[in-house]
Every structure is written in structure tokens, then in C-alpha cells.
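Undergrad: Provided below: model-v3.txt, containing compact mmCIF, C-alpha atoms.
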```txt
# COMPACT_ATOMS: atom_id res chain seq x y z
CA MET A 188 -2.98 -12.35 -34.54
CA THR A 189 -1.24 -15.63 -35.24
CA SER A 190 -3.13 -17.52 -32.58
CA PRO A 191 -3.13 -21.34 -32.67
CA ALA A 192 -4.29 -22.97 -35.87
CA PRO A 193 -8.05 -23.38 -36.01
CA THR A 194 -9.44 -26.85 -35.54
CA GLY A 195 -12.55 -27.96 -37.32
CA ASN A 196 -15.27 -25.75 -36.02
CA GLY A 197 -17.01 -23.89 -38.73
CA HIS A 198 -14.46 -22.67 -41.19
CA THR A 199 -15.36 -24.94 -44.07
CA ASN A 200 -18.60 -23.05 -44.52
CA GLY A 201 -16.66 -19.79 -44.38
CA GLN A 202 -15.77 -19.99 -48.03
CA THR A 203 -19.17 -20.20 -49.62
CA ASN A 204 -20.62 -16.78 -49.04
CA GLY A 205 -18.80 -14.90 -46.33
CA GLN A 206 -21.97 -14.87 -44.21
CA THR A 207 -21.24 -17.31 -41.46
CA GLY A 208 -22.13 -17.93 -37.89
CA TRP A 209 -20.50 -16.15 -35.01
CA ASN A 210 -18.57 -19.26 -34.03
CA ALA A 211 -16.82 -19.27 -37.41
CA MET A 212 -16.00 -15.60 -36.89
CA LEU A 213 -14.51 -16.37 -33.49
CA ALA A 214 -12.53 -19.41 -34.66
CA ARG A 215 -11.02 -17.70 -37.68
CA VAL A 216 -7.40 -16.69 -38.15
CA GLY A 217 -7.37 -13.42 -40.10
CA PHE A 218 -5.63 -13.85 -43.44
CA ILE A 219 -5.11 -10.14 -43.98
CA GLU A 220 -3.53 -9.69 -40.56
CA LEU A 221 -0.54 -11.74 -41.72
CA ASP A 222 2.21 -9.99 -43.65
CA ALA A 223 2.72 -10.85 -47.31
CA ARG A 224 5.40 -13.47 -46.62
CA ALA A 225 3.27 -15.23 -44.01
CA ARG A 226 0.18 -15.09 -46.25
CA ALA A 227 2.05 -16.78 -49.09
CA ALA A 228 3.35 -19.50 -46.77
CA ALA A 229 -0.09 -20.00 -45.20
CA LEU A 230 -1.64 -20.83 -48.57
CA LEU A 231 0.95 -23.44 -49.53
CA ASP A 232 1.21 -26.98 -48.20
CA ASP A 233 3.17 -27.20 -44.94
CA GLY A 234 6.92 -27.25 -45.40
CA THR A 235 6.86 -26.70 -49.17
CA ALA A 236 7.31 -22.91 -49.28
CA ARG A 237 10.57 -21.65 -50.79
CA GLU A 238 11.03 -17.96 -51.43
CA LEU A 239 12.50 -16.77 -54.72
CA CYS A 240 14.30 -13.46 -55.06
CA GLY A 241 14.07 -12.89 -51.31
CA PRO A 242 15.28 -10.08 -49.02
CA PHE A 243 18.90 -11.26 -49.01
CA ASP A 244 19.06 -11.08 -52.80
CA ARG A 245 18.63 -7.35 -52.15
CA ILE A 246 16.86 -6.56 -55.37
CA GLU A 247 15.34 -3.35 -54.11
CA SER A 248 14.02 -0.38 -56.03
CA PRO A 249 16.82 1.98 -57.14
CA TRP A 250 14.31 4.84 -57.54
CA LEU A 251 13.09 5.35 -54.00
CA GLU A 252 16.21 6.46 -52.11
CA PRO A 253 16.92 9.40 -54.49
CA GLN A 254 13.34 10.50 -53.76
CA ASP A 255 13.82 10.29 -49.99
CA VAL A 256 11.80 7.11 -49.54
CA VAL A 257 13.19 4.15 -47.56
CA PRO A 258 13.27 1.08 -49.84
CA ALA A 259 12.34 -2.48 -48.81
CA SER A 260 14.68 -5.39 -49.45
CA ASP A 261 11.99 -7.27 -51.38
CA ASP A 262 10.43 -4.14 -52.93
CA GLY A 263 7.12 -5.14 -51.36
CA VAL A 264 6.52 -8.26 -53.43
CA VAL A 265 7.11 -11.76 -52.07
CA VAL A 266 7.40 -14.68 -54.49
CA VAL A 267 7.12 -18.16 -53.01
CA ARG A 268 7.26 -21.51 -54.79
CA GLY A 269 5.68 -24.53 -53.23
CA ARG A 270 2.80 -26.94 -53.49
CA LEU A 271 -0.87 -26.18 -53.30
CA ASP A 272 -2.77 -29.30 -52.31
CA GLY A 273 0.03 -31.26 -53.99
CA ARG A 274 0.11 -29.15 -57.19
CA PRO A 275 3.24 -27.16 -58.05
CA ALA A 276 2.37 -23.52 -57.46
CA VAL A 277 3.81 -20.05 -57.16
CA VAL A 278 2.27 -17.51 -54.80
CA ILE A 279 2.99 -13.85 -55.50
CA ALA A 280 2.03 -11.70 -52.52
CA ILE A 281 1.99 -7.90 -52.46
CA GLU A 282 2.77 -6.29 -49.08
CA GLN A 283 0.19 -3.55 -48.58
CA ALA A 284 2.07 -2.03 -45.64
CA PHE A 285 4.98 -1.01 -47.88
CA GLN A 286 4.03 2.03 -49.98
CA GLY A 287 0.38 0.97 -49.98
CA GLY A 288 1.25 -2.10 -52.03
CA GLY A 289 2.34 0.24 -54.82
CA ILE A 290 3.93 -1.47 -57.81
CA GLY A 291 7.29 -0.17 -59.02
CA GLU A 292 9.77 -1.32 -61.60
CA VAL A 293 11.33 -4.08 -59.47
CA SER A 294 8.17 -5.36 -57.77
CA GLY A 295 6.30 -5.36 -61.09
CA VAL A 296 9.04 -7.27 -62.86
CA LYS A 297 9.13 -9.80 -60.02
CA ILE A 298 5.42 -10.48 -60.61
CA ALA A 299 5.73 -10.60 -64.41
CA ALA A 300 8.82 -12.82 -64.37
CA SER A 301 7.21 -15.24 -61.89
CA LEU A 302 4.15 -15.61 -64.11
CA SER A 303 6.32 -16.09 -67.21
CA LEU A 304 8.44 -18.71 -65.46
CA ALA A 305 5.28 -20.55 -64.37
CA ALA A 306 4.18 -20.55 -68.02
CA ARG A 307 7.59 -21.84 -69.12
CA ASP A 308 7.56 -24.59 -66.50
CA THR A 309 4.06 -25.54 -67.61
CA ARG A 310 5.11 -25.77 -71.26
CA GLU A 311 8.12 -27.87 -70.24
CA GLY A 312 5.92 -30.44 -68.54
CA ALA A 313 5.66 -29.11 -64.96
CA PRO A 314 2.20 -27.46 -64.82
CA THR A 315 2.40 -24.59 -62.33
CA VAL A 316 -0.57 -22.74 -60.88
CA ALA A 317 -0.14 -19.06 -59.94
CA VAL A 318 -1.84 -17.29 -57.05
CA LEU A 319 -1.75 -13.49 -56.87
CA LEU A 320 -2.42 -11.77 -53.54
CA LEU A 321 -3.46 -8.36 -54.78
CA GLU A 322 -3.38 -5.83 -51.93
CA THR A 323 -2.33 -2.78 -53.90
CA GLY A 324 -3.20 0.80 -54.67
CA GLY A 325 -1.76 0.30 -58.15
CA VAL A 326 1.35 1.81 -59.65
CA ARG A 327 3.73 3.51 -57.19
CA LEU A 328 3.74 7.22 -58.01
CA GLN A 329 7.51 7.54 -57.46
CA GLU A 330 8.07 5.17 -60.38
CA ALA A 331 5.05 6.13 -62.44
CA ASN A 332 6.07 5.34 -66.00
CA LEU A 333 8.26 2.36 -65.14
CA GLY A 334 5.50 1.02 -62.91
CA LEU A 335 2.94 1.35 -65.70
CA ALA A 336 5.28 -0.43 -68.09
CA THR A 337 5.70 -3.34 -65.69
CA VAL A 338 1.94 -3.57 -65.13
CA ALA A 339 1.64 -4.09 -68.89
CA GLU A 340 4.25 -6.86 -68.59
CA VAL A 341 2.32 -8.38 -65.69
CA CYS A 342 -0.89 -8.43 -67.74
CA SER A 343 0.87 -9.92 -70.75
CA ALA A 344 2.51 -12.66 -68.66
CA LEU A 345 -0.80 -13.34 -66.93
CA LEU A 346 -2.53 -13.80 -70.31
CA GLU A 347 0.26 -16.15 -71.36
CA LEU A 348 -0.09 -18.29 -68.24
CA ARG A 349 -3.88 -18.34 -67.94
CA ALA A 350 -4.12 -20.01 -71.34
CA LEU A 351 -2.20 -22.93 -69.83
CA GLN A 352 -2.96 -22.97 -66.11
CA PRO A 353 -5.32 -21.22 -63.71
CA VAL A 354 -4.23 -17.88 -62.29
CA VAL A 355 -6.09 -17.29 -59.04
CA GLY A 356 -6.40 -13.74 -57.66
CA VAL A 357 -7.20 -12.93 -54.04
CA ILE A 358 -8.18 -9.51 -52.68
CA ALA A 359 -8.50 -9.92 -48.93
CA GLY A 360 -7.97 -6.56 -47.26
CA SER A 361 -9.55 -3.14 -47.09
CA MET A 362 -6.60 -1.64 -48.97
CA GLY A 363 -8.18 -3.34 -51.95
CA CYS A 364 -6.89 -3.58 -55.48
CA PHE A 365 -6.92 -0.47 -57.64
CA GLY A 366 -5.25 1.17 -60.60
CA GLY A 367 -3.29 -0.85 -63.11
CA MET A 368 -3.28 -3.93 -60.91
CA SER A 369 -7.10 -4.01 -60.96
CA ILE A 370 -6.72 -4.82 -64.65
CA ALA A 371 -4.53 -7.79 -63.71
CA ALA A 372 -7.22 -8.78 -61.19
CA GLY A 373 -9.81 -8.65 -63.98
CA LEU A 374 -7.72 -11.03 -66.08
CA CYS A 375 -7.47 -13.75 -63.41
CA SER A 376 -9.09 -17.12 -64.10
CA THR A 377 -10.82 -16.86 -60.73
CA LEU A 378 -10.98 -13.82 -58.48
CA ILE A 379 -11.59 -14.39 -54.77
CA MET A 380 -12.57 -11.53 -52.43
CA THR A 381 -13.53 -10.99 -48.84
CA ARG A 382 -16.33 -8.68 -47.78
CA GLU A 383 -13.66 -6.21 -46.59
CA GLY A 384 -11.77 -6.34 -49.89
CA ARG A 385 -12.28 -3.66 -52.52
CA LEU A 386 -11.79 -3.66 -56.27
CA GLY A 387 -11.89 -0.75 -58.69
CA LEU A 388 -9.96 0.82 -61.53
CA ASN A 389 -9.96 4.28 -59.96
CA GLY A 390 -10.03 4.52 -56.19
CA PRO A 391 -12.71 6.61 -54.46
CA GLN A 392 -10.32 9.47 -53.69
CA VAL A 393 -9.12 9.65 -57.27
CA ILE A 394 -12.70 9.82 -58.54
CA GLU A 395 -13.62 12.46 -55.98
CA SER A 396 -10.62 14.63 -56.79
CA GLU A 397 -11.17 14.31 -60.55
CA ALA A 398 -14.95 14.49 -60.78
CA GLY A 399 -16.08 16.09 -57.53
CA VAL A 400 -17.74 14.96 -54.36
CA ALA A 401 -21.13 14.71 -56.07
CA GLU A 402 -19.73 11.94 -58.28
CA PHE A 403 -18.16 9.95 -55.46
CA ASP A 404 -17.94 10.87 -51.78
CA ALA A 405 -14.66 9.27 -50.71
CA SER A 406 -15.41 9.99 -47.04
CA ASP A 407 -18.43 7.66 -47.06
CA PRO A 408 -17.30 4.09 -46.33
CA THR A 409 -20.81 2.66 -46.73
CA LEU A 410 -20.97 4.06 -50.25
CA ILE A 411 -17.42 2.91 -51.06
CA TRP A 412 -18.09 -0.68 -50.01
CA ALA A 413 -21.52 -0.68 -51.69
CA ILE A 414 -19.70 -0.03 -54.97
CA ASP A 415 -16.16 -1.41 -54.64
CA GLY A 416 -16.63 -3.96 -51.84
CA GLY A 417 -16.21 -7.72 -52.17
CA ALA A 418 -19.91 -8.53 -51.68
CA GLN A 419 -20.92 -6.14 -54.50
CA ARG A 420 -18.13 -7.24 -56.82
CA THR A 421 -18.98 -10.92 -56.45
CA GLY A 422 -22.73 -10.16 -56.53
CA THR A 423 -22.34 -8.43 -59.88
CA GLY A 424 -20.01 -11.05 -61.36
CA LEU A 425 -16.88 -8.87 -61.44
CA ALA A 426 -15.32 -11.26 -58.92
CA ASP A 427 -16.15 -14.93 -58.48
CA VAL A 428 -15.95 -16.14 -54.90
CA LEU A 429 -16.71 -14.37 -51.61
CA VAL A 430 -14.85 -15.78 -48.59
CA LEU A 431 -14.48 -15.01 -44.92
CA ASP A 432 -11.18 -13.34 -43.99
CA ASP A 433 -9.81 -16.58 -42.58
CA VAL A 434 -6.65 -18.50 -43.47
CA ALA A 435 -8.41 -21.86 -43.85
CA ALA A 436 -11.32 -20.41 -45.85
CA VAL A 437 -9.04 -18.50 -48.25
CA ARG A 438 -6.78 -21.51 -48.70
CA SER A 439 -9.63 -23.88 -49.48
CA ALA A 440 -11.18 -21.37 -51.91
CA VAL A 441 -7.79 -21.02 -53.66
CA ILE A 442 -7.36 -24.82 -53.85
CA GLU A 443 -10.86 -25.19 -55.25
CA ALA A 444 -10.23 -22.50 -57.87
CA ALA A 445 -6.90 -24.06 -58.85
CA GLY A 446 -8.57 -27.45 -59.18
CA ARG A 447 -11.42 -26.07 -61.29
CA GLY A 448 -8.94 -24.89 -63.90
CA ALA A 449 -9.56 -22.13 -66.43
CA PRO A 450 -13.15 -21.08 -67.11
CA GLY A 451 -14.63 -21.93 -70.53
CA GLU A 452 -14.39 -18.27 -71.50
CA HIS A 453 -12.56 -15.78 -69.32
CA ARG A 454 -14.52 -12.81 -68.03
CA SER A 455 -12.24 -10.45 -69.91
CA ARG A 456 -13.17 -12.16 -73.21
CA ARG A 457 -16.92 -11.90 -72.73
CA LEU A 458 -17.11 -8.55 -74.47
CA ARG A 459 -20.66 -8.84 -75.72
CA GLU A 460 -21.80 -9.43 -72.16
CA SER A 461 -19.82 -6.43 -70.87
CA ARG A 462 -21.26 -4.18 -73.59
CA THR A 463 -24.80 -5.31 -72.85
CA ARG A 464 -24.22 -4.58 -69.18
CA LEU A 465 -22.89 -1.11 -69.91
CA ASP A 466 -25.87 -0.41 -72.17
CA ALA A 467 -28.23 -1.41 -69.36
CA VAL A 468 -26.97 1.42 -67.13
CA ASP A 469 -27.91 5.04 -67.80
CA PRO A 470 -25.06 7.17 -66.40
CA ALA A 471 -27.44 10.13 -66.04
CA ASP A 472 -29.72 8.05 -63.84
CA PRO A 473 -27.62 5.21 -62.39
CA PRO A 474 -29.24 2.45 -60.35
CA GLU A 475 -28.63 2.19 -56.61
CA PRO A 476 -25.57 -0.04 -55.95
CA ALA A 477 -27.85 -2.62 -54.31
CA ASP A 478 -29.98 -2.84 -57.49
CA LEU A 479 -27.11 -3.24 -59.94
CA ALA A 480 -26.92 -7.02 -59.72
CA ALA A 481 -30.61 -7.31 -60.63
CA VAL A 482 -30.29 -4.79 -63.48
CA TRP A 483 -27.39 -6.74 -64.95
CA ALA A 484 -29.05 -10.11 -64.41
CA ARG A 485 -32.01 -8.86 -66.44
CA ALA A 486 -29.71 -7.52 -69.17
CA VAL A 487 -27.58 -10.65 -69.39
CA PRO A 488 -29.32 -13.86 -68.32
CA ALA A 489 -26.95 -16.29 -66.58
CA GLU A 490 -25.07 -18.60 -68.90
CA GLY A 491 -23.17 -21.82 -68.56
CA ASP A 492 -19.77 -20.57 -67.55
CA ARG A 493 -20.95 -17.79 -65.23
CA ARG A 494 -20.05 -18.63 -61.69
CA MET B 225 15.08 10.02 -45.29
CA GLN B 226 18.38 9.63 -43.47
CA THR B 227 21.10 6.97 -43.49
CA LEU B 228 23.04 6.31 -40.29
CA ASN B 229 25.95 3.96 -39.68
CA PHE B 230 27.02 2.56 -36.33
CA GLU B 231 29.51 0.02 -35.06
CA PHE B 232 29.51 -1.71 -31.70
CA PRO B 233 31.85 -4.30 -30.16
CA ALA B 234 30.36 -7.79 -30.35
CA ASP B 235 31.76 -11.26 -29.76
CA ARG B 236 28.90 -13.67 -30.43
CA PRO B 237 28.40 -14.35 -34.13
CA ALA B 238 24.85 -15.27 -35.13
CA ALA B 239 24.43 -18.87 -36.34
CA ARG B 240 22.50 -17.91 -39.44
CA ARG B 241 21.03 -14.94 -41.22
CA ALA B 242 17.57 -13.68 -40.41
CA HIS B 243 14.98 -11.34 -41.89
CA VAL B 244 12.09 -9.91 -39.85
CA GLY B 245 9.57 -7.10 -40.16
CA VAL B 246 8.11 -4.97 -42.89
CA VAL B 247 8.89 -1.42 -44.05
CA GLY B 248 5.42 -0.22 -43.12
CA SER B 249 4.18 2.66 -41.00
CA GLY B 250 5.49 2.34 -37.43
CA ASP B 251 7.49 -0.77 -38.29
CA LEU B 252 10.85 -1.65 -39.80
CA GLU B 253 12.59 -4.58 -41.42
CA VAL B 254 15.84 -6.03 -40.13
CA LEU B 255 18.27 -8.04 -42.26
CA MET B 256 20.90 -9.71 -40.13
CA THR B 257 23.92 -11.39 -41.72
CA PRO B 258 26.40 -13.22 -39.45
CA GLN B 259 29.98 -11.95 -39.53
CA THR B 260 33.05 -12.97 -37.56
CA THR B 261 34.60 -9.50 -37.45
CA GLY B 262 34.01 -9.03 -33.75
CA THR B 263 31.68 -6.14 -34.37
CA ALA B 264 28.03 -5.42 -34.93
CA ARG B 265 27.82 -3.12 -37.94
CA VAL B 266 24.48 -1.38 -38.22
CA ARG B 267 23.18 0.60 -41.14
CA VAL B 268 19.91 2.40 -40.54
CA ARG B 269 17.83 3.94 -43.28
CA THR B 270 15.00 5.83 -41.64
CA SER B 271 12.11 7.83 -43.02
CA VAL B 272 12.29 10.25 -40.09
CA ASP B 273 15.21 12.68 -40.03
CA GLY B 274 16.92 14.07 -36.94
CA PHE B 275 16.78 11.17 -34.49
CA ASP B 276 20.49 10.27 -34.69
CA THR B 277 20.94 10.43 -30.92
CA VAL B 278 17.90 8.30 -30.17
CA TRP B 279 19.07 5.66 -32.66
CA ARG B 280 22.56 5.65 -31.13
CA ILE B 281 21.22 5.21 -27.60
CA VAL B 282 18.72 2.50 -28.55
CA LEU B 283 21.31 0.51 -30.51
CA GLU B 284 24.09 1.04 -27.96
CA ARG B 285 21.87 -0.34 -25.22
CA PHE B 286 20.79 -3.30 -27.36
CA PHE B 287 24.29 -4.34 -28.42
CA ALA B 288 25.78 -3.79 -24.96
CA ARG B 289 23.36 -6.43 -23.79
CA HIS B 290 23.31 -8.87 -26.71
CA ARG B 291 26.75 -8.50 -28.34
CA VAL B 292 25.70 -10.33 -31.52
CA ALA B 293 28.33 -9.94 -34.25
CA GLY B 294 27.11 -9.36 -37.76
CA ALA B 295 25.84 -6.87 -40.29
CA PHE B 296 22.47 -5.39 -39.44
CA GLU B 297 20.53 -3.54 -42.11
CA LEU B 298 17.52 -1.66 -40.80
CA ASN B 299 14.96 -0.19 -43.18
CA ASP B 300 12.76 1.92 -40.95
CA SER B 301 9.39 3.51 -41.49
CA GLY B 302 9.06 5.48 -38.28
CA ALA B 303 9.20 2.67 -35.71
CA THR B 304 9.35 3.68 -32.06
CA PRO B 305 12.39 2.64 -29.94
CA GLY B 306 10.31 -0.17 -28.41
CA VAL B 307 9.44 -1.63 -31.80
CA VAL B 308 13.07 -1.31 -32.96
CA THR B 309 14.27 -3.28 -29.92
CA LEU B 310 11.59 -5.94 -30.39
CA ARG B 311 12.46 -6.45 -34.06
CA LEU B 312 16.19 -6.67 -33.25
CA ARG B 313 15.47 -9.26 -30.56
CA GLN B 314 13.30 -11.19 -32.98
CA ALA B 315 16.12 -11.14 -35.56
CA ILE B 316 18.78 -12.45 -33.17
CA GLU B 317 16.39 -15.10 -31.84
CA GLU B 318 15.73 -16.34 -35.38
CA GLY B 319 19.44 -16.25 -36.12
CA ARG B 320 20.29 -18.35 -33.10
CA SER B 321 19.28 -21.84 -34.25
```
Could the structure of this file be written out as C-alpha cells, please?

TA:
Amino acid sequence: MTSPAPTGNGHTNGQTNGQTGWNAMLARVGFIELDARARAAALLDDGTARELCGPFDRIESPWLEPQDVVPASDDGVVVVRGRLDGRPAVVIAIEQAFQGGGIGEVSGVKIAASLSLAARDTREGAPTVAVLLLETGGVRLQEANLGLATVAEVCSALLELRALQPVVGVIAGSMGCFGGMSIAAGLCSTLIMTREGRLGLNGPQVIESEAGVAEFDASDPTLIWAIDGGAQRTGTGLADVLVLDDVAAVRSAVIEAAGRGAPGEHRSRRLRESRTRLDAVDPADPPEPADLAAVWARAVPAEGDRR
Amino acid sequence: MQTLNFEFPADRPAARRAHVGVVGSGDLEVLMTPQTTGTARVRVRTSVDGFDTVWRIVLERFFARHRVAGAFELNDSGATPGVVTLRLRQAIEEGRS
């Protein structure tokens, strides 16, 4: 798991398209195999990580114990300040092992407050980049309404910060990023995914239970990854960069995205493009997932700020 | 969910606090805070009810051997006795330096 740090051999090419040689696969150190705290530290420059609002501050969810659920001392969100290739940065990492990365009142506010503080620091002359590690099923059902309210706060703080500094999102694991937090993912300046990562507003099981197995067969992993998977999401421009699940590859992709700054026009502002794309798909006769990228490329020819 | 409290005699205070583990399936988190009270005070919150005796035996055995004084908060998500012992050892090792 946390085997010795990789040396040289083949990871630099791991970030470009996720399709790399077997030696890169062997030399890699799995990013998603680390817990949230270790992932945040692994992204930041050595020795610069400093956790805010950590376990010993004991700001845990007050709503779980009354519902017979064991709380976590950090409520499943780890906030770490530090430097990213020399730049002041804050990494906000969601722990997918705790309640499926579900966002509750406390964890959501931790994310929103961190983004707001980064925006404040930036305005006060200390530009601070934010990195979101989005391994989450969305709002935690035990805190439904409060969770939804905090997701709105997260999105609003993200919009505030992204006007000033890049907000880089990473979806690395097969848990993926769904529900309200997928909206936050869609607002990021740059969204980085692995092939194993998944992104969607409604998860496969939700779609199946609401619309039936004919609409989406949640027991078919090939179908799920053909639609929600990292390769498809980057191929169709709903995410930006596909990386290998490797600490060095993810870190260098994050540094590159932070250095590139905000895109000319954020994806979430390109409404005309999104409408044209929607118009190009007939829901009664949808294209095969593998053909979607081509359908959309025909509908919306590539422009300057498309990456 | 069940909350259990234990106290064991202990005479070696930890040098510093330590946090290890995650409240995820089959795992637990341990928060250890040094105290000079001469006891190890353990509070367990576990997702699995009815294992009071197993917890007592596992913890009794651990603290008979290690005698680390302090407050131990365990947030458990169904860890086996082996995992519990490993996480406790990890916590006292991190709290040693």
C-alpha cells in the first residue's frame, strides 16, 4: 500500500491519458489506497501540511449518534493547509470509507468555510489555491436537509473562490462523486479523474430504483463505467484531465492545473454549448456511450478554451 | 450503536497525543490523549451491539501488557479484535516520540 516512494521510472507519462505502460502500472503508488488525511498530505510539498479543524478539535456530527451511527472525529472531511509546488494551498479531502463520503452539516461546513477562507486570504494578498478530493456519494441521508443546505454553501463558496484562484477537483476512486457534490465537481476550474473514478448527478442505483432496470442496469459495471467513468467523462469534456491512479501522477496533474489558473470561461458558464449538446441527443434513441464524444464534437466544434 | 466505558491501571503516560485509523467498515479510529491519572480510560463507541465481553477482554489484555496512561476514544465500525489491537499499538507507537 504505502510502499517506498517511486523513483523516476515512468510516472511522468502517467498523467497525460491514463493509458500507460505496464512498468508505470507496477511502479505506481495508488492514490486512492491512501486514506483522506494521507492523500491530502501526499499532494502538498513535503513538510508543509498542517491540518485545520482536526480530530482533536472534536467537531463531529451531532446528528449521527441519536440515529445509532458511530460518528467520526473529523466528520469524514480532512482540511489541510500547506504549499503546492511553493504556492499556498488548501486541500480538502473527503474520506470515502466513512459513510460513503456522505456530506453532513459539519463536513459540508468544513468544506464551505475552507473555500471561503481561501477566498478571503486571496483578497487579502495571500493567493490560495484549493484542491477538492471528491470521493463522495453526495449528501448523507441521516442529515438530508442540513446536508443539502451545506452543499449549497459549498457551491457558493466555490464560485466565490474560483473567480480569484483555481479550484482543482480530483475524483480518484470507484466510489466516485455523485449527488449534490457532483455539482461542486462541475463548478471546479479543472476536474481531474482516474479511469476508475466515476462522476454523475444520480448514481446508477438511484436511477435504476427510480426509472427501472431498462433505464439503467446498476448491476452492470461495464455499462456504469461506460457512462459515469473517468475515461468517458474526460472524453466528453465533462472532466478535463485523465490520470493514472498514482500519487506522483495525481500530484503533478494538480500542480499543472493550479499553475494554469482559471479557464477563460468555466464549463458551468458555457450554457449555449451545453444546450447544443443536449439538443444533439435524442432521449428516445440515445447514442451508444462510446459514440457520445463524437456526437457532441459534431454538435459543438472545439473552441479555444476547451481542454 | 453502543457506548462502552472501561478503566485499566496504567503507569506510563504517553509522550504526546495520537490519532490513527478511519471509521470505515472493519476499521476504527483511535484518539489517544496523554493523562497523568495513572489509568487508561477507554470509551468505545461501536456500530455492533452486544460484544461488551469481547471488548473488555481485548482491552484488558492490551492494557495489561502496555500500561499506557491516557484517554482513549475509539470510534468503531465493526473492527475485529485483531484490527483493534493493531490500531491501539499504532496509536501508542505514534504517541511515544

Undergrad: Name the closest residue to chain B among the candidates A:Trp412, A:Trp250, A:Trp209, A:Phe243; distances are taken between atoms, counting all atoms listed in the file.

TA: A:Phe243

Undergrad: Which residues of chain A come within 6 Å of chain B, and what is each one's closest atom pair and distance in Å (one decimal), counting only C-alpha atoms, sorted by chain and residue number, as CSV?

TA:
```
residue,atom,partner,partner_atom,distance
A:Asp255,CA,B:Met225,CA,4.9
A:Val257,CA,B:Ser271,CA,5.9
A:Ala259,CA,B:Val247,CA,6.0
A:Ala284,CA,B:Gly248,CA,4.6
A:Phe285,CA,B:Gly248,CA,4.8
```

Undergrad: Those same residues, written as a JSON list (two decimals), in the frame of the given file with C-alpha atoms?

TA:
```json
[["chain", "number", "residue", "atom", "x", "y", "z"],
["A", 255, "ASP", "CA", 13.82, 10.29, -49.99],
["A", 257, "VAL", "CA", 13.19, 4.15, -47.56],
["A", 259, "ALA", "CA", 12.34, -2.48, -48.81],
["A", 284, "ALA", "CA", 2.07, -2.03, -45.64],
["A", 285, "PHE", "CA", 4.98, -1.01, -47.88]]
```

Undergrad: Report, in Å with one decimal, the straight-line distance from atom CA of A:Arg464 to atom CA of A:Leu319.

TA: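 Answer for the atom CA of A:Arg464 to atom CA of A:Leu319 separation: 27.1 Å.
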
Undergrad: Could you check which of B:Arg265, B:Ala239, B:Asp273, B:Ala234 is closest to B:Gly302, using all atoms listed in the file?

TA: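 Result for the nearest residue to B:Gly302: B:Asp273.
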
Undergrad: Of the candidates A:Ala228, A:Ala449, A:Ala418, A:Leu321, which shows the shortest atom-to-atom distance to A:Pro476, using all atoms listed in the file?

TA: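 Using all atoms listed in the file, the shortest distance to A:Pro476 belongs to A:Ala418.
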
Undergrad: Find the spatial neighbours of stretch 229-232 of chain B, counting all atoms listed in the file, within a cut-off of 9 Å - ignore same-chain residues fewer than 4 positions away - and output them as a VMD selection string.

TA: chain B and resid 262 to 269 280 283 to 284 287 to 288 291 293

Undergrad: What does the distance from atom CA of A:Val278 to atom CA of A:Arg420 come to in Å, to one decimal?

TA: 22.9 Å

Undergrad: I'd like the neighbourhood of A:Val338 as a PyMOL selection string, where a residue qualifies if any of its atoms comes within 10 Å (using only C-alpha atoms), though same-chain residues fewer than 2 positions away should be ignored.

TA: chain A and resi 290-292+294-296+298-299+325-326+332-336+340-344+366-371

Undergrad: Using all atoms listed in the file, which residue out of A:Arg268, A:Arg245, A:Arg382, A:Arg307 lies closest to A:Gly422?

TA: A:Arg382

Undergrad: Which value, in Å to one decimal, gives the distance between atom CA of A:Trp483 and atom CA of A:Phe365?

TA: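 Calculated distance between atom CA of A:Trp483 and atom CA of A:Phe365 is 22.6 Å.
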
Undergrad: Compile the contact shell of A:Gly269 as an NGL selection string: residues with an atom at most 12 Å away, counting all atoms listed in the file, same-chain residues fewer than 3 positions apart removed.

TA: :A and (227-239 or 266 or 272-279 or 305 or 315-318)

Undergrad: B:Ile316: which residues within 7 Å, counting all atoms listed in the file, same-chain residues fewer than 4 positions away excluded, as a ChimeraX atom specification?

TA: /B:238,312,320

Undergrad: Give the answer as one residue: which of A:Ile394, A:Val293, A:Arg385, A:Ser260 has the shortest atom-to-atom distance to A:Pro408, using only C-alpha atoms?

TA: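 Using only C-alpha atoms, the shortest distance to A:Pro408 belongs to A:Arg385.
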